[in-house]
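See below for the structure under consideration.
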Amino acid sequence: MKKVNVEINGKKVIKDIPDHTLLSVFLRDILNLTGTHVGCDTSQCGACVVFADGKSIKSCTAFAADVNGSKITTIEGLAKNGKMHPMQEAFKKLHGLQCGFCTPGMVMSAVDLLQNNKNPSDTEIREWLEGNICRCTGYQNIVAAVKEAASKM
Amino acid sequence: MASLVGSRVERKEDKKLLTGRGKYTADVNFINQTFAYFVRSPHARAQIKKVDIAKAMKASGVVSILTGADIANDKIGGLIAGWRIKSEDGSDMKVPAHPPLANETVNYVGDHVAVVIAESLDEARNAAELVKVDYKILKAVVDTNKAMNSDQIYKDIPKNLCFDWLLGDRAKVKEAFEKADKIIKIDLINNRLIPNAMEPRAANADYNPSTEEITLYTTSQNPHLARIIISAFNGVAPENKLRVIAPDVGGGFGSKIYPYAEEVVCSWAAKKIERPVKWVADRTESFLSDCHGRDHVTHAELAVKNDGTFLGFKNETIANIGAYASVFATVTPTYLFGPCATGVYKMPAAYTNVKAVFTNTAPVDAYRGAGRPEATYTIETLVEKAARELGMDPAEIRMKNFPTQFPFQQTLVHSVDSGDYVSGLKKAMEVADYKGFEKRKRDSASRGKLRGIGLCSYFEACGIAPSPVVMMLGCGIGLWESAEVRFNPTGNVTVFTGSHSHGQGHDTTFAQIAADQLGVPIENIEISHGDTDKGPFGYGTYGSRSLTVGGTAIVKACDKIIAKGKRVAAKMLEANVDDVEFSNGEFVVAKSNKKKTIGEIAFACYLPGTYGEVKSPLPEGEEPGLKETSFFDPANFSFPAGSHICEVEVDPETGETKVAKYTAIDDFGTIINPLVVEGQVHGGIVQGIGQALYENCHYDNTGQLVTASYMDYTMPRADNFPEFDLGFTCTPATSNPLGTKGCGEAGAIASPPAVMNAVMNAIGTEISMPATAEKVWKACNQNKKKNSEAA
Amino acid sequence: MKTFNYHSAKDVKEASKLSSSSSAFLAGGMTTIPSIKLGLASYKDIIDIKKIKSLSGIKVTGKTVRIGSTTKHVEVAKSKDVKKVIPSLVALAEGIGDPQVRNRGTIGGSIANNDPSADYPSACIALNAVIHTNSRKIDAEKFFKGMFETSLKSGEIIEAIEFSIPEKSNYQKYPNPASRYAVVGVYVAKHKKGVNVAVTGAKSCVYNDKDLSKALTNNFSSSAIDSVRISSSGMNSDIHASAEYRANMVKVFAKKAVEAC
């Protein structure tokens with residue numbers, strides 16, 4: 001067992017967990033933060049993207065132990081005081097989601113893009129989202145939503 | 001109040017999904033739950049000589065291990081084929097037994113052999129490695145084209161042939177072909193695909209010993225169907241003791257229409273061990289055991305006159321349905337395929353012959369479009385070839401053969417109620433700047449690239465119903481849809497639907513319909529679906545049916561509400577019921593200012609009498625309450641249609657092919673919410689382009705699935721696509737009062753031929769799907785060689 | 001998933017001491033973690049070296065760029081100092097995996113794993129890299145031994161990779177459409193003493209294509225490549241690309257790289 005001491009969505013969390021606990025498992029099964037989804041086994045689909053110390057990572061490809069001491073933000077922590085993040089608002093406005101399964105990871109990844117590039121082109125958005133697979137939307141409205149969010153942020 | 005139908009209403013369901021508050025099956029946990037892990041066959045075909053669980057039973061955390069023998073002992077029934085198809089000779093289709101846990105043989109890699117149930121998933125997995133299965137490996141049948149001439153998989157099924165089905169008239173076709181100036185022939189493969197809904201399948205079954213009821217949470221497009229199959233066919237529990245809940249579901253695309261072995265086994269096991277049993281597929285399991293799609297080998301011919309007039313069409317197809325006949329496996333390559341194979345054209349004579357074969361691969365069933373993409377690909381690549389061989393413009397040959405009178409009696413089955421194919425294609429050509437193609441081609445050439453343009457005009461039969469017709473054609477169930485509209489006493493509304501939303505946006509579009517019908521603000525309307533204990537029985541969501549069939553049931557139920565409301569209003573307003581009119585949520589007595597809101601009427605229905613300020617006597621004989629149910633069974637299918645135009649750019653040095661421009665003009669009849677409809681089209685187009693350029697399920701010749709992860713199965717990603725240009729034409733459907741036709745599958749139906757026609761136009765060679773870089777490069781090389789030899 | 005003991009090492013010495021035949025060092029974990037998850041690998045001990053400060057960072061001197069082994073791809077991709085002297089290395093880092101891989105994955109992890117279709121090994125070969133470990137310096141040419149195989153010994157830890165700054169260089173790859181790993185990647189680097197053409201993805205291990213290198217050393221232009229025959233023998237052949245196709249792509253991408261230099 002390992003003691004993990006992290007800050008999750010602004011709250012301190014200290015837990016004893018098995019050494020091999022994946023961050024995604026820690027979030028979903030131990031903390032019941034089920035907004036982070038798991039869609040593959042090979043770190044490809046991106047449904048599990050969260051922030052660790054401000055950067056997007058795939059929580060299925062990190063151990064909870066190896067983010068010890070980090071600040072983690074999950075999709076549940078993106079809205080502030082009940083108000084959705086501009087990226088979430090833009091996804092809603094422009095229908096950037098359908099079944100919603102890839103959405104948490106997609107939104108987190110898109111927010112990270114805007115941290116790196118305030119005004120991305122269509123091509124830059126599409127290339128950035130390489131690590132997020134969506135089977136429903138055909139990506140078009142996701143790209144539009146990211147641009148919309150960029151214009152609002 | 002402005003009409004909501006036709007407006008770009010933002011989706012009601014989005015906030016929860018965007019903030020991580022959605023609840024998918026894998027998010028559901030019960031106290032004291034156990035975890036299931038399935039022991040699956042590593043072999044494509046083998047006899048099970050022995051299953052030894054002794055060592056595994058002793059492993060840490062193991063609660064129970066169940067095998068095919070246990071399933072047989074408990075007389076749990078097998079999985080079913082839901083549609084009975086007859087062969088041309090009148091004989092019934094042949095299907096093998098499909099026990100949820102294999103007993104004697106395994107027939108594909110991933111076939112279920114045993115289930116290990118343990119206190120944790122890790123323990124279940126670790127113990128599963130200790131289950132020792134002694135197999136006698138047999139030679140696998142893998143190739144669709146060779147299946148009939150390979151080893152026989154099941155002893156009662158000669159030639160591995162499920163059925164040899166004919167639709168149409170061979171003699172008439174022969175006659176037509178004799179009159180032809182030219183016969184265009186094509187051989188093609190419709191590549192096998194793996195649906196890959198982003199949410200892997202999952203189940204969590206909880207048994208309550210006091211009520212003897214099982215509650216099954218599952219990733220289903222169709223919880224009512226899951227319940228009836230698990231009850232009536234698998235015999236796990238009576239229907240009234242089985243509650244199936246499909247909460248938020250992360251996409252389906254056909255692969256989650258029906259229950260699989262895992263749901264049956266988890267429900268049965270939960271009852272057996274009296275503890276909840278949770279199973280969540282990992283992605284590899286999804287690849288191995290979700291039903292796959294497509295997989296046809298087709299030879300088709302088109303008889304034409306020199307002026308481009310079509311005279312006749314024949315279609316000889318071998319359809320691979322995998323190791324077992326899944327629920328819609330037999331209808332997909334027959335009635336969903338054959339009738340649409342003559343395309344959107346006047347075709348005096350036609351037949352489609354389909355031989356469905358068993359192989360040692362995962363079962364093949366409905367996947368977005370189900371049969372209609374295969375049909376459209378066949379006719380549309382053939383028509384394009386006809387244009388090439390006759391030296392005609394591909395648009396011109398299509399225009400020439402479009403029907404212009406509606407209703408249009410299509411050659412093989414359907415009477416198409418409405419459409420305007422000419423306008424659709426014209427609009428597509430305009431939006432796509434068809435005339436400007438040569439200039440764009442020159443521009444591409446100046447950069448060393450080959451540019452091609454491809455067309456596809458399609459129609460499809462969807463809005464899957466009507467029950468009497470589908471049952472006559474062999475369907476084991478009806479396909480009507482239900483709705484219950486329930487006014488709550490305080491005036492807000494809950495609408496229960498038997499269809500199921502897993503991305504389609506019913507929470508919003510259905511609420512738009514009800515809001516318009518009832519004059520109630522949309523925020524006061526809740527759509528409830530996915531729980532067999534809540535709403536009435538229904539048939540779920542697939543076949544672009546939910547809106548045309550389920551949406552109409554809502555309209556019908558609202559009509560009944562309004563009819564009752566009029567009677568109640570007449571009594572309260574002391575008027576004649578015939579003088580009461582309803583609009584914008586108000587019951588108004590004609591030529592007066594007497595009125596009641598629908599909210600007041602609802603309240604009155606729940607407080608039928610006089611009490612202080614409340615004065616709401618009901619008419620004599622009227623029941624209290626305000627809740628109505630409707631079961632709608634339309635008289636016909638609906639027939640969306642459209643034309644898509646694709647331009648690709650090919651790098652002849654590498655074969656890399658990019659979609660450069662894509663235009664889709666669709667006629668879905670009335671559109672309820674353009675925002676949602678555009679999203680459906682985008683998604684469909686991407687899945688279709690995926691089939692055309694990227695996706696391919698590959699089994700090696702021993703039946704091992706080579707493409708069993710995202711490392712090897714190419715999922716379309718954002719950077720594969722340009723922005724698509726969408727447009728719509730509208731001829732309302734006449735078979736439902738909304739005039740809607742359905743939009744979920746169109747993109748996946750129209751785009752593969754549009755893309756492939758563009759690729760073939762660019763490189764001047766026939767090529768099979770997916771047009772991967774290497775294949776295109778090889779084709780370009782061969783052309784280069786041919787040209788240099790000719791020179 | 002199989003259990004293991006997780007250790008976070010304070011320094012290289014401790015990390016080395018903890019290691020055994022059934023342990024693995026963990027940096028970004030981009031390959032190690034999926035391998036454990038899929039049951040392809042199991043270990044008794046996982047030794048996390050991410051928190052060892054001395055292993056991370058970028059240092060540009062007159063002739064070389066030295067990158068600490070746990071430096072993340074994103075740090076290289078964003079390094080203005082590296083961009084000034086070896087822009088192709090920055091471009092390579094920008095093109096590895098996806099943003100989340102770049103935020104976690106490390107250069108040391110990439111080369112220690114030596115995936116036949118990884119990007120960084122080609123940079124090491126093309127840029128005459130020297131691999132600094134806790135016990136010695138290894139020339140890149142001698143470091144990459146075969147598929148997933150390097151000359152690292154048990155307990156040996158890569159501390160840094162030192163690249164020679166070339167006159168010109170460029171990296172071009174054709175990514176596998178499914179995994180986005182390189183089906184073929186070609187790194188061309190023109191040094192004072194000659195040209196290296198490092199190829200990844202094509203064979204079981206990264207290699208310096210001597211024929212292409214020779215042709216370009218004699219005449220650094222894409223037309224010099226036209227006359228070089230690339231044999232498909234020994235090249236990988238799988239569902240994504242045949243050996244013949246890979247051979248073609250090596251040539252096409254070598255030309256692209258030269259043209260982009």
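Here, A, B, ... name the chains of the structure tokens in the order displayed, residue numbers run from 1 inside each chain, and ligands are numbered from 1 in the same displayed order.
Assigned to strand (DSSP E) in range 470-581 of chain B, given DSSP computed from backbone atoms, are Glu481, Ser482, Ala483, Glu484, Val485, Arg486, Phe487, Val493, Thr494, Val495, Phe496, Thr497, Ile525, Glu526, Ile527, Ser528, Val580 and Glu581 of chain B.
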Go ahead and write the selection's residues with C-alpha atoms as a JSON list (two decimals), in the first residue's frame.
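To be explicit, this is the file written out as part33.json:
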```json
[["chain", "number", "residue", "atom", "x", "y", "z"],
["B", 481, "GLU", "CA", -43.11, 2.48, -30.58],
["B", 482, "SER", "CA", -44.73, 3.74, -27.43],
["B", 483, "ALA", "CA", -45.06, 6.95, -25.50],
["B", 484, "GLU", "CA", -46.69, 7.94, -22.28],
["B", 485, "VAL", "CA", -47.30, 11.61, -21.62],
["B", 486, "ARG", "CA", -47.86, 12.25, -17.97],
["B", 487, "PHE", "CA", -48.96, 15.61, -16.65],
["B", 493, "VAL", "CA", -44.78, 17.01, -17.78],
["B", 494, "THR", "CA", -42.89, 13.75, -17.92],
["B", 495, "VAL", "CA", -42.80, 11.95, -21.25],
["B", 496, "PHE", "CA", -41.86, 8.28, -21.27],
["B", 497, "THR", "CA", -40.62, 6.83, -24.50],
["B", 525, "ILE", "CA", -40.80, 18.75, -19.84],
["B", 526, "GLU", "CA", -38.70, 15.77, -18.88],
["B", 527, "ILE", "CA", -38.05, 12.88, -21.24],
["B", 528, "SER", "CA", -37.68, 9.55, -19.48],
["B", 580, "VAL", "CA", -63.29, 24.49, -27.12],
["B", 581, "GLU", "CA", -60.17, 25.13, -29.11]]
```
Chain B residues near chain A (7 Å cut-off, only C-alpha atoms) as a PDB file with N, CA and C atoms, in the first residue's frame:
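Output file iface.pdb follows:
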```
ATOM      1  N   GLU B  10     -30.482  24.178 -27.816  1.00  0.00           N
ATOM      2  CA  GLU B  10     -29.331  23.518 -27.180  1.00  0.00           C
ATOM      3  C   GLU B  10     -29.824  22.333 -26.361  1.00  0.00           C
ATOM      4  N   ARG B  11     -28.992  21.289 -26.291  1.00  0.00           N
ATOM      5  CA  ARG B  11     -29.483  20.048 -25.690  1.00  0.00           C
ATOM      6  C   ARG B  11     -29.605  20.123 -24.163  1.00  0.00           C
ATOM      7  N   ASP B  14     -26.979  18.057 -22.074  1.00  0.00           N
ATOM      8  CA  ASP B  14     -25.548  18.334 -22.181  1.00  0.00           C
ATOM      9  C   ASP B  14     -24.865  18.711 -20.874  1.00  0.00           C
ATOM     10  N   LEU B  17     -23.598  15.834 -18.947  1.00  0.00           N
ATOM     11  CA  LEU B  17     -22.539  15.111 -19.647  1.00  0.00           C
ATOM     12  C   LEU B  17     -21.245  15.925 -19.704  1.00  0.00           C
ATOM     13  N   LEU B  18     -21.389  17.245 -19.742  1.00  0.00           N
ATOM     14  CA  LEU B  18     -20.216  18.119 -19.835  1.00  0.00           C
ATOM     15  C   LEU B  18     -19.529  18.344 -18.500  1.00  0.00           C
ATOM     16  N   THR B  19     -20.243  18.097 -17.425  1.00  0.00           N
ATOM     17  CA  THR B  19     -19.663  18.368 -16.114  1.00  0.00           C
ATOM     18  C   THR B  19     -19.278  17.072 -15.387  1.00  0.00           C
ATOM     19  N   GLY B  20     -19.325  15.976 -16.118  1.00  0.00           N
ATOM     20  CA  GLY B  20     -18.903  14.707 -15.523  1.00  0.00           C
ATOM     21  C   GLY B  20     -19.957  14.070 -14.638  1.00  0.00           C
ATOM     22  N   ARG B  21     -21.221  14.521 -14.803  1.00  0.00           N
ATOM     23  CA  ARG B  21     -22.285  13.966 -13.959  1.00  0.00           C
ATOM     24  C   ARG B  21     -23.142  12.941 -14.698  1.00  0.00           C
ATOM     25  N   GLY B  22     -22.754  12.579 -15.888  1.00  0.00           N
ATOM     26  CA  GLY B  22     -23.471  11.511 -16.568  1.00  0.00           C
ATOM     27  C   GLY B  22     -23.334  10.232 -15.763  1.00  0.00           C
ATOM     28  N   ASP B  27     -20.328   3.295 -14.240  1.00  0.00           N
ATOM     29  CA  ASP B  27     -20.320   4.193 -13.076  1.00  0.00           C
ATOM     30  C   ASP B  27     -21.244   3.690 -11.967  1.00  0.00           C
ATOM     31  N   ALA B 197     -18.223   1.789 -30.393  1.00  0.00           N
ATOM     32  CA  ALA B 197     -18.803   2.833 -29.538  1.00  0.00           C
ATOM     33  C   ALA B 197     -17.749   3.152 -28.488  1.00  0.00           C
ATOM     34  N   MET B 198     -17.614   4.415 -28.131  1.00  0.00           N
ATOM     35  CA  MET B 198     -16.502   4.757 -27.228  1.00  0.00           C
ATOM     36  C   MET B 198     -16.694   4.175 -25.821  1.00  0.00           C
ATOM     37  N   GLU B 199     -17.937   3.970 -25.434  1.00  0.00           N
ATOM     38  CA  GLU B 199     -18.150   3.313 -24.143  1.00  0.00           C
ATOM     39  C   GLU B 199     -18.124   1.802 -24.362  1.00  0.00           C
ATOM     40  N   PRO B 200     -17.186   1.099 -23.753  1.00  0.00           N
ATOM     41  CA  PRO B 200     -17.202  -0.362 -23.893  1.00  0.00           C
ATOM     42  C   PRO B 200     -18.463  -0.937 -23.245  1.00  0.00           C
ATOM     43  N   VAL B 249     -25.777   5.956 -22.097  1.00  0.00           N
ATOM     44  CA  VAL B 249     -25.082   4.948 -22.892  1.00  0.00           C
ATOM     45  C   VAL B 249     -24.178   5.675 -23.880  1.00  0.00           C
ATOM     46  N   GLY B 250     -22.927   5.241 -23.903  1.00  0.00           N
ATOM     47  CA  GLY B 250     -21.912   5.947 -24.677  1.00  0.00           C
ATOM     48  C   GLY B 250     -21.790   5.476 -26.106  1.00  0.00           C
ATOM     49  N   GLY B 251     -22.852   5.679 -26.856  1.00  0.00           N
ATOM     50  CA  GLY B 251     -22.840   5.321 -28.275  1.00  0.00           C
ATOM     51  C   GLY B 251     -23.182   3.854 -28.460  1.00  0.00           C
ATOM     52  N   ASP B 282     -13.010  -4.495 -21.349  1.00  0.00           N
ATOM     53  CA  ASP B 282     -11.903  -3.634 -21.734  1.00  0.00           C
ATOM     54  C   ASP B 282     -11.966  -3.525 -23.259  1.00  0.00           C
ATOM     55  N   ARG B 283     -11.146  -2.685 -23.830  1.00  0.00           N
ATOM     56  CA  ARG B 283     -11.296  -2.418 -25.272  1.00  0.00           C
ATOM     57  C   ARG B 283     -10.979  -3.648 -26.110  1.00  0.00           C
ATOM     58  N   HIS B 502     -28.832   7.532 -26.884  1.00  0.00           N
ATOM     59  CA  HIS B 502     -27.431   7.331 -26.478  1.00  0.00           C
ATOM     60  C   HIS B 502     -26.560   8.229 -27.350  1.00  0.00           C
ATOM     61  N   GLY B 503     -26.973   9.491 -27.396  1.00  0.00           N
ATOM     62  CA  GLY B 503     -26.242  10.484 -28.173  1.00  0.00           C
ATOM     63  C   GLY B 503     -27.132  11.227 -29.143  1.00  0.00           C
ATOM     64  N   GLN B 504     -28.313  10.670 -29.413  1.00  0.00           N
ATOM     65  CA  GLN B 504     -29.182  11.251 -30.441  1.00  0.00           C
ATOM     66  C   GLN B 504     -29.918  12.502 -29.991  1.00  0.00           C
ATOM     67  N   LEU B 675     -29.550  21.578 -35.269  1.00  0.00           N
ATOM     68  CA  LEU B 675     -28.271  21.413 -34.568  1.00  0.00           C
ATOM     69  C   LEU B 675     -27.966  19.921 -34.393  1.00  0.00           C
ATOM     70  N   GLY B 679     -25.303  17.322 -36.522  1.00  0.00           N
ATOM     71  CA  GLY B 679     -24.366  16.482 -35.763  1.00  0.00           C
ATOM     72  C   GLY B 679     -24.455  15.030 -36.184  1.00  0.00           C
ATOM     73  N   GLN B 680     -25.675  14.546 -36.396  1.00  0.00           N
ATOM     74  CA  GLN B 680     -25.858  13.158 -36.849  1.00  0.00           C
ATOM     75  C   GLN B 680     -25.205  12.952 -38.213  1.00  0.00           C
ATOM     76  N   HIS B 682     -22.720  14.735 -39.595  1.00  0.00           N
ATOM     77  CA  HIS B 682     -21.258  14.776 -39.457  1.00  0.00           C
ATOM     78  C   HIS B 682     -20.717  13.423 -39.004  1.00  0.00           C
ATOM     79  N   GLY B 683     -21.353  12.906 -37.964  1.00  0.00           N
ATOM     80  CA  GLY B 683     -20.865  11.642 -37.396  1.00  0.00           C
ATOM     81  C   GLY B 683     -20.967  10.501 -38.384  1.00  0.00           C
ATOM     82  N   VAL B 686     -18.283  10.741 -41.105  1.00  0.00           N
ATOM     83  CA  VAL B 686     -16.959  10.333 -40.622  1.00  0.00           C
ATOM     84  C   VAL B 686     -16.858   8.810 -40.498  1.00  0.00           C
ATOM     85  N   TYR B 710      -6.640  -0.091 -30.646  1.00  0.00           N
ATOM     86  CA  TYR B 710      -6.507   1.147 -31.420  1.00  0.00           C
ATOM     87  C   TYR B 710      -5.093   1.331 -31.971  1.00  0.00           C
ATOM     88  N   ARG B 717      -9.774  10.147 -36.792  1.00  0.00           N
ATOM     89  CA  ARG B 717      -9.498  11.189 -35.780  1.00  0.00           C
ATOM     90  C   ARG B 717      -9.717  12.568 -36.399  1.00  0.00           C
ATOM     91  N   ALA B 718      -9.723  13.554 -35.531  1.00  0.00           N
ATOM     92  CA  ALA B 718     -10.098  14.907 -35.967  1.00  0.00           C
ATOM     93  C   ALA B 718      -9.277  15.386 -37.155  1.00  0.00           C
ATOM     94  N   ASP B 719      -7.981  15.033 -37.170  1.00  0.00           N
ATOM     95  CA  ASP B 719      -7.116  15.593 -38.215  1.00  0.00           C
ATOM     96  C   ASP B 719      -7.234  14.858 -39.549  1.00  0.00           C
ATOM     97  N   GLU B 723     -13.614  20.466 -43.097  1.00  0.00           N
ATOM     98  CA  GLU B 723     -14.970  20.814 -42.651  1.00  0.00           C
ATOM     99  C   GLU B 723     -15.941  20.405 -43.758  1.00  0.00           C
TER     100      GLU B 723
END
```
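With only C-alpha atoms as the basis for measurement, C:Gly97 is the residue among C:Pro121, C:Gly97, C:Gly234, C:Gly146 that approaches chain B most closely.
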**Prompt:** Any idea which chain A residues end up within 10 Å of chain C if we count only C-alpha atoms, as JSON, numbers by chain please?
**Reply:** {"A": [1, 2, 18, 19, 20, 21, 22, 41, 42, 43, 44, 46, 49, 50, 51, 52, 55, 56, 57, 58, 59, 60, 61, 62, 63, 65, 66, 68, 109, 112, 113, 127, 128, 129, 130, 131, 132]}
Give me, as an NGL selection string, all polymer residues having an atom no more than 12 Å from Lys203 in chain C, counting only C-alpha atoms and skipping those fewer than 3 positions away in the same chain.
:C and (115-118 or 122 or 146-148 or 182-185 or 198-200 or 206-209 or 231-238 or 241-244 or 246-247 or 250)
- Query: Looking only at the backbone, which of the residues in chain A does DSSP tag as helix (DSSP H, G or I), as an NGL selection string?
  - Reply: :A and (23-30 or 59-61 or 65-67 or 75-77 or 86-93 or 103-116 or 122-131 or 140-152)
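With CA of Thr404 in chain B on one side and CA of Gly424 in chain B on the other, the separation reads 11.9 Å.
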For the interface of chain B with chain C (cut-off 7 Å, counting only C-alpha atoms), please tabulate each contacting residue of chain B alongside its nearest pair of atoms and their separation in Å to one decimal, rows sorted by chain and increasing number, as a Markdown table.
```
| residue | atom | partner | partner_atom | distance |
| --- | --- | --- | --- | --- |
| B:Asp122 | CA | C:Met1 | CA | 5.6 |
| B:Glu653 | CA | C:Val252 | CA | 6.9 |
| B:Thr654 | CA | C:Met249 | CA | 6.7 |
| B:Tyr710 | CA | C:Ala178 | CA | 6.1 |
| B:Met711 | CA | C:Ser179 | CA | 4.2 |
| B:Asp712 | CA | C:Ala178 | CA | 5.4 |
| B:Tyr713 | CA | C:Ala178 | CA | 5.7 |
| B:Thr714 | CA | C:Ala178 | CA | 3.9 |
| B:Met715 | CA | C:Ala178 | CA | 6.3 |
| B:Glu774 | CA | C:Tyr245 | CA | 6.4 |
```
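Across B:Val470, B:Ala557, B:Ile76, B:Ala465, the tightest approach to Gly540 in chain B is made by B:Ala465 when counting only C-alpha atoms.
Reported to one decimal place, the separation of CA of Pro276 in chain B from CA of Asn234 in chain B is 18.9 Å.
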Min atom-atom distance to Thr509 in chain B from the set B:Lys775, B:Asn576, B:Lys346, B:Val676, counting only C-alpha atoms, belongs to B:Val676
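You will find CA of Lys118 in chain A at 21.2 Å from CA of Lys83 in chain C.
Using only C-alpha atoms, the shortest contact distance between Ile80 in chain B and any of B:Phe632, B:Tyr335, B:Phe233, B:Trp268 is found at B:Phe233.
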Practice prompt. Excluding Glu156 in chain C and residues on its chain fewer than 6 positions from it, collect all residues at most 7 Å away from it, counting only C-alpha atoms, and give them as JSON, numbers by chain.
Written response: {"C": [16, 133, 134, 135]}
Output for the residues just chosen: C-alpha atoms as a PDB file, in the first residue's frame:
```
ATOM      1  CA  SER C  16      20.156   1.827  -9.219  1.00  0.00           C
ATOM      2  CA  THR C 133      24.483   6.673 -18.187  1.00  0.00           C
ATOM      3  CA  ASN C 134      25.331   6.451 -14.521  1.00  0.00           C
ATOM      4  CA  SER C 135      28.335   4.324 -15.431  1.00  0.00           C
TER       5      SER C 135
END
```
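Residues in contact with Ser289 in chain B at up to 8 Å, not including ones fewer than 5 positions away on its chain and judged by only C-alpha atoms, are Gly110, Asp111, Ala362 and Pro363 of chain B.
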